[in-house]
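K.L.:
Structure file query.txt (compact mmCIF, C-alpha atoms) right here:
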# COMPACT_ATOMS: atom_id res chain seq x y z
CA MET A 20 -6.26 132.56 121.38
CA GLY A 21 -6.32 133.04 125.15
CA GLU A 22 -8.82 134.88 127.27
CA PRO A 23 -9.95 138.19 125.76
CA ARG A 24 -7.79 141.01 127.04
CA GLY A 25 -8.94 142.97 130.03
CA GLU A 26 -12.31 141.30 130.64
CA TRP A 27 -11.44 139.95 134.06
CA TYR A 28 -9.35 142.69 135.61
CA GLY A 29 -9.10 145.58 133.17
CA GLY A 30 -5.42 145.13 132.25
CA ASP A 31 -3.50 143.99 129.22
CA VAL A 32 -3.11 140.24 129.79
CA ASP A 33 -3.76 136.96 127.97
CA ARG A 34 -4.38 133.82 130.01
CA TRP A 35 -4.06 130.08 129.33
CA HIS A 36 -4.30 127.19 131.75
CA LEU A 37 -1.96 124.81 129.95
CA PRO A 38 -3.20 121.52 131.50
CA SER A 39 -6.78 122.38 130.47
CA ILE A 40 -6.12 122.82 126.75
CA ALA A 41 -7.48 119.74 125.00
CA ALA A 42 -4.75 117.45 123.67
CA SER A 43 -4.64 117.15 119.91
CA GLY A 44 -3.67 113.46 119.93
CA LYS A 45 -0.87 114.13 117.45
CA ARG A 46 2.40 116.01 117.36
CA GLU A 47 1.01 119.28 116.07
CA PRO A 48 2.49 122.53 117.41
CA ARG A 49 -0.13 125.05 118.49
CA VAL A 50 0.85 128.69 118.68
CA LEU A 51 -0.71 130.30 121.73
CA LEU A 52 0.70 133.78 121.27
CA SER A 53 3.01 135.49 118.81
CA ARG A 54 4.62 138.89 119.27
CA PRO A 55 7.95 140.37 118.16
CA GLU A 56 9.35 139.74 121.64
CA TYR A 57 8.44 136.04 121.79
CA ARG A 58 6.28 133.20 120.47
CA ALA A 59 4.63 130.61 122.75
CA VAL A 60 4.11 127.16 121.21
CA LEU A 61 2.35 124.22 122.89
CA ILE A 62 3.28 120.73 121.67
CA ASP A 63 1.68 117.42 122.70
CA LEU A 64 3.83 114.32 122.23
CA ASN A 65 2.77 110.69 122.38
CA ALA A 66 5.17 108.19 123.95
CA GLY A 67 8.04 107.72 121.51
CA ASP A 68 7.39 110.93 119.52
CA GLU A 69 10.55 112.89 118.81
CA LEU A 70 11.56 116.39 117.97
CA GLY A 71 14.71 115.07 116.30
CA ASP A 72 17.98 116.95 116.04
CA HIS A 73 16.94 120.50 115.38
CA ARG A 74 18.36 123.96 115.71
CA LEU A 75 16.37 127.15 116.21
CA HIS A 76 17.25 130.70 115.25
CA GLU A 77 15.78 131.96 118.53
CA SER A 78 16.63 131.56 122.20
CA ALA A 79 14.26 128.96 123.63
CA LEU A 80 12.75 128.16 127.00
CA VAL A 81 11.11 124.73 127.12
CA ASP A 82 8.77 123.91 130.01
CA VAL A 83 7.78 120.26 130.47
CA VAL A 84 4.13 120.83 131.41
CA ALA A 85 3.17 117.15 131.70
CA GLY A 86 4.82 113.77 131.25
CA THR A 87 8.51 112.99 130.90
CA VAL A 88 10.83 113.70 127.98
CA SER A 89 14.39 112.73 127.23
CA LEU A 90 16.72 115.54 126.15
CA GLU A 91 19.78 114.65 124.09
CA MET A 92 22.44 117.26 123.48
CA ASP A 93 26.12 116.95 122.67
CA GLY A 94 25.99 113.15 123.12
CA GLN A 95 24.51 113.43 126.62
CA GLU A 96 20.98 112.37 127.55
CA VAL A 97 18.90 113.39 130.56
CA GLU A 98 15.30 112.69 131.60
CA CYS A 99 13.14 115.75 132.28
CA ALA A 100 9.90 115.28 134.22
CA ALA A 101 6.95 117.66 134.45
CA GLY A 102 8.03 120.90 136.06
CA THR A 103 11.45 120.96 134.35
CA LEU A 104 12.43 124.20 132.63
CA LEU A 105 15.16 124.10 129.97
CA SER A 106 16.99 127.03 128.37
CA PHE A 107 18.72 126.94 124.98
CA ALA A 108 20.81 129.50 123.12
CA PRO A 109 20.12 130.18 119.43
CA GLY A 110 21.79 127.65 117.16
CA GLU A 111 22.22 124.85 119.72
CA THR A 112 21.38 121.39 118.38
CA ARG A 113 19.23 119.13 120.55
CA SER A 114 16.54 116.50 120.36
CA LEU A 115 13.60 115.69 122.61
CA ARG A 116 11.83 112.33 122.86
CA ALA A 117 8.66 111.68 124.85
CA LEU A 118 9.07 108.77 127.27
CA GLU A 119 5.31 108.88 127.96
CA PRO A 120 2.47 111.10 126.73
CA SER A 121 3.86 114.58 127.35
CA ARG A 122 3.15 118.26 126.81
CA ILE A 123 5.80 120.94 126.39
CA LEU A 124 5.60 124.70 126.10
CA MET A 125 8.28 126.40 124.00
CA LEU A 126 8.93 130.13 124.33
CA LEU A 127 11.00 131.42 121.41
CA SER A 128 12.64 134.85 121.60
CA PRO A 129 12.88 137.13 119.76
CA TRP A 130 10.27 136.08 117.22
CA PRO A 131 11.17 135.42 114.54
CA GLY A 132 14.92 135.10 115.06
CA GLU A 133 17.22 136.36 112.33
CA GLY A 134 17.23 133.86 109.47
CA HIS A 135 14.16 131.93 110.67
CA PHE A 136 12.18 132.60 107.50
CA PRO A 137 13.67 132.43 104.00
CA ALA A 138 14.10 135.76 102.23
CA GLY A 139 10.79 136.92 100.78
CA GLU A 140 8.62 134.82 103.11
CA ASP A 141 6.16 136.62 105.41
CA ALA A 142 8.08 137.20 108.64
CA ASP A 143 5.25 139.06 110.42
CA PRO A 144 5.77 138.17 114.12
CA GLY A 145 2.02 138.31 114.73
CA ARG A 146 1.19 135.82 111.97
CA MET A 147 -0.63 132.87 113.51
CA PRO A 148 -0.94 129.53 111.70
CA ALA A 149 -4.68 128.83 111.49
CA GLN A 150 -4.33 125.21 112.65
CA ALA A 151 -2.06 126.17 115.55
CA LYS A 152 -4.36 128.28 117.73
CA ALA A 153 -5.39 126.90 121.11
CA LYS A 154 -8.20 128.23 123.23
CA SER A 155 -8.22 128.50 126.99
CA PRO A 156 -11.10 127.53 129.28
CA PRO A 157 -13.21 130.27 130.87
CA LEU A 158 -11.82 131.80 134.05
CA GLY A 159 -12.68 129.90 137.18
CA THR A 160 -12.48 126.43 135.61
Would you put the structure from the file into structure tokens?
P.N.:
Amino acid sequence: MGEPRGEWYGGDVDRWHLPSIAASGKREPRVLLSRPEYRAVLIDLNAGDELGDHRLHESALVDVVAGTVSLEMDGQEVECAAGTLLSFAPGETRSLRALEPSRILMLLSPWPGEGHFPAGEDADPGRMPAQAKAKSPPLGT
């Protein structure tokens, strides 16, 4: 998880420096934070990796942290370089393809969206996949 809460200023904040989180070398989503209001997921993509046609139950903000990705939606394709912020409504179909090694941050809200988990599956918004946690560097680095 991020920095421990309150150790550096006394408030209720988590902190990550996204470029400093070590790359996994594979397309493995890492959940940084999960609350009922939103979930933050960091994904590293190698050149050519795709998040093929997919549809989420949540609203999504996608920040291209590093690299360049191609977004395809409704038969249209656009290149998105680092610094690009994308917004998607729940249920929209899109695909992303990395044109070079890239890192994206996805913010999904609310978490989980209605229908995200099958009936009977644990839908606890705070549930964190063990393999998905990413740690941040100490403050000042």
K.L.:
Show me, as a Markdown table, the residues of segment 68-101 of chain A having an atom within 12 Å of segment 42-63 of chain A, each with the closest atom pair and its distance in Å, using all atoms listed in the file.
P.N.:
| residue | atom | partner | partner_atom | distance |
| --- | --- | --- | --- | --- |
| A:Asp68 | CA | A:Arg46 | CA | 7.4 |
| A:Glu69 | CA | A:Arg46 | CA | 8.8 |
| A:Leu70 | CA | A:Arg46 | CA | 9.2 |
| A:Glu77 | CA | A:Tyr57 | CA | 9.0 |
| A:Ser78 | CA | A:Tyr57 | CA | 9.3 |
| A:Ala79 | CA | A:Tyr57 | CA | 9.3 |
| A:Leu80 | CA | A:Ala59 | CA | 9.5 |
| A:Val81 | CA | A:Val60 | CA | 9.5 |
| A:Asp82 | CA | A:Leu61 | CA | 9.6 |
| A:Val83 | CA | A:Ile62 | CA | 9.9 |
| A:Val84 | CA | A:Leu61 | CA | 9.3 |
| A:Ala85 | CA | A:Asp63 | CA | 9.1 |
| A:Gly86 | CA | A:Asp63 | CA | 9.8 |
| A:Thr87 | CA | A:Asp63 | CA | 11.6 |
| A:Val88 | CA | A:Asp63 | CA | 11.2 |
K.L.:
For a test of reading the model, state the distance in Å between atom CA of Pro109 of chain A and atom CA of Leu126 of chain A, rounded to one decimal.
P.N.:
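Interatomic distance here is 12.2 Å.
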K.L.:
Grab the atom CA of Arg116 of chain A to atom CA of Ser89 of chain A distance for me, in Å with one decimal place.
P.N.:
5.1 Å
K.L.:
Around segment 44-49 of chain A, with edges along x, y and z and 5 Å added on all six sides, what centre and edge lengths do you get, in Å to one decimal, as lines of an AutoDock Vina configuration file?
P.N.:
center_x = -0.6
center_y = 119.3
center_z = 118.0
size_x = 16.2
size_y = 21.6
size_z = 13.9
K.L.:
So what do you get for atom CA of Leu90 of chain A versus atom CA of Gly71 of chain A, distance-wise?
P.N.:
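Result for atom CA of Leu90 of chain A versus atom CA of Gly71 of chain A: 10.1 Å, one decimal.
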K.L.:
Of the candidates A:His76, A:Asp33, A:Pro38, A:Ala66, which shows the shortest atom-to-atom distance to Gly110 of chain A, using all atoms listed in the file?
P.N.:
A:His76
K.L.:
May I ask which of the residues A:Ala41, A:Met125, A:Cys99, A:Leu118 is the closest one to Leu75 of chain A, counting only C-alpha atoms?
P.N.:
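Nearest candidate to Leu75 of chain A out of A:Ala41, A:Met125, A:Cys99, A:Leu118: A:Met125.
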K.L.:
Using all atoms listed in the file, which protein or nucleic acid residues come within 9 Å of His73 of chain A? Drop anything in the same chain fewer than 4 positions from it, and give the result as a PyMOL selection string.
P.N.:
chain A and resi 110-114
K.L.:
Identify which of the residues A:Met92, A:Leu105, A:Ala100, A:Ile123 lies closest to Leu37 of chain A, counting all atoms listed in the file when measuring atom-to-atom distances.
P.N.:
A:Ile123
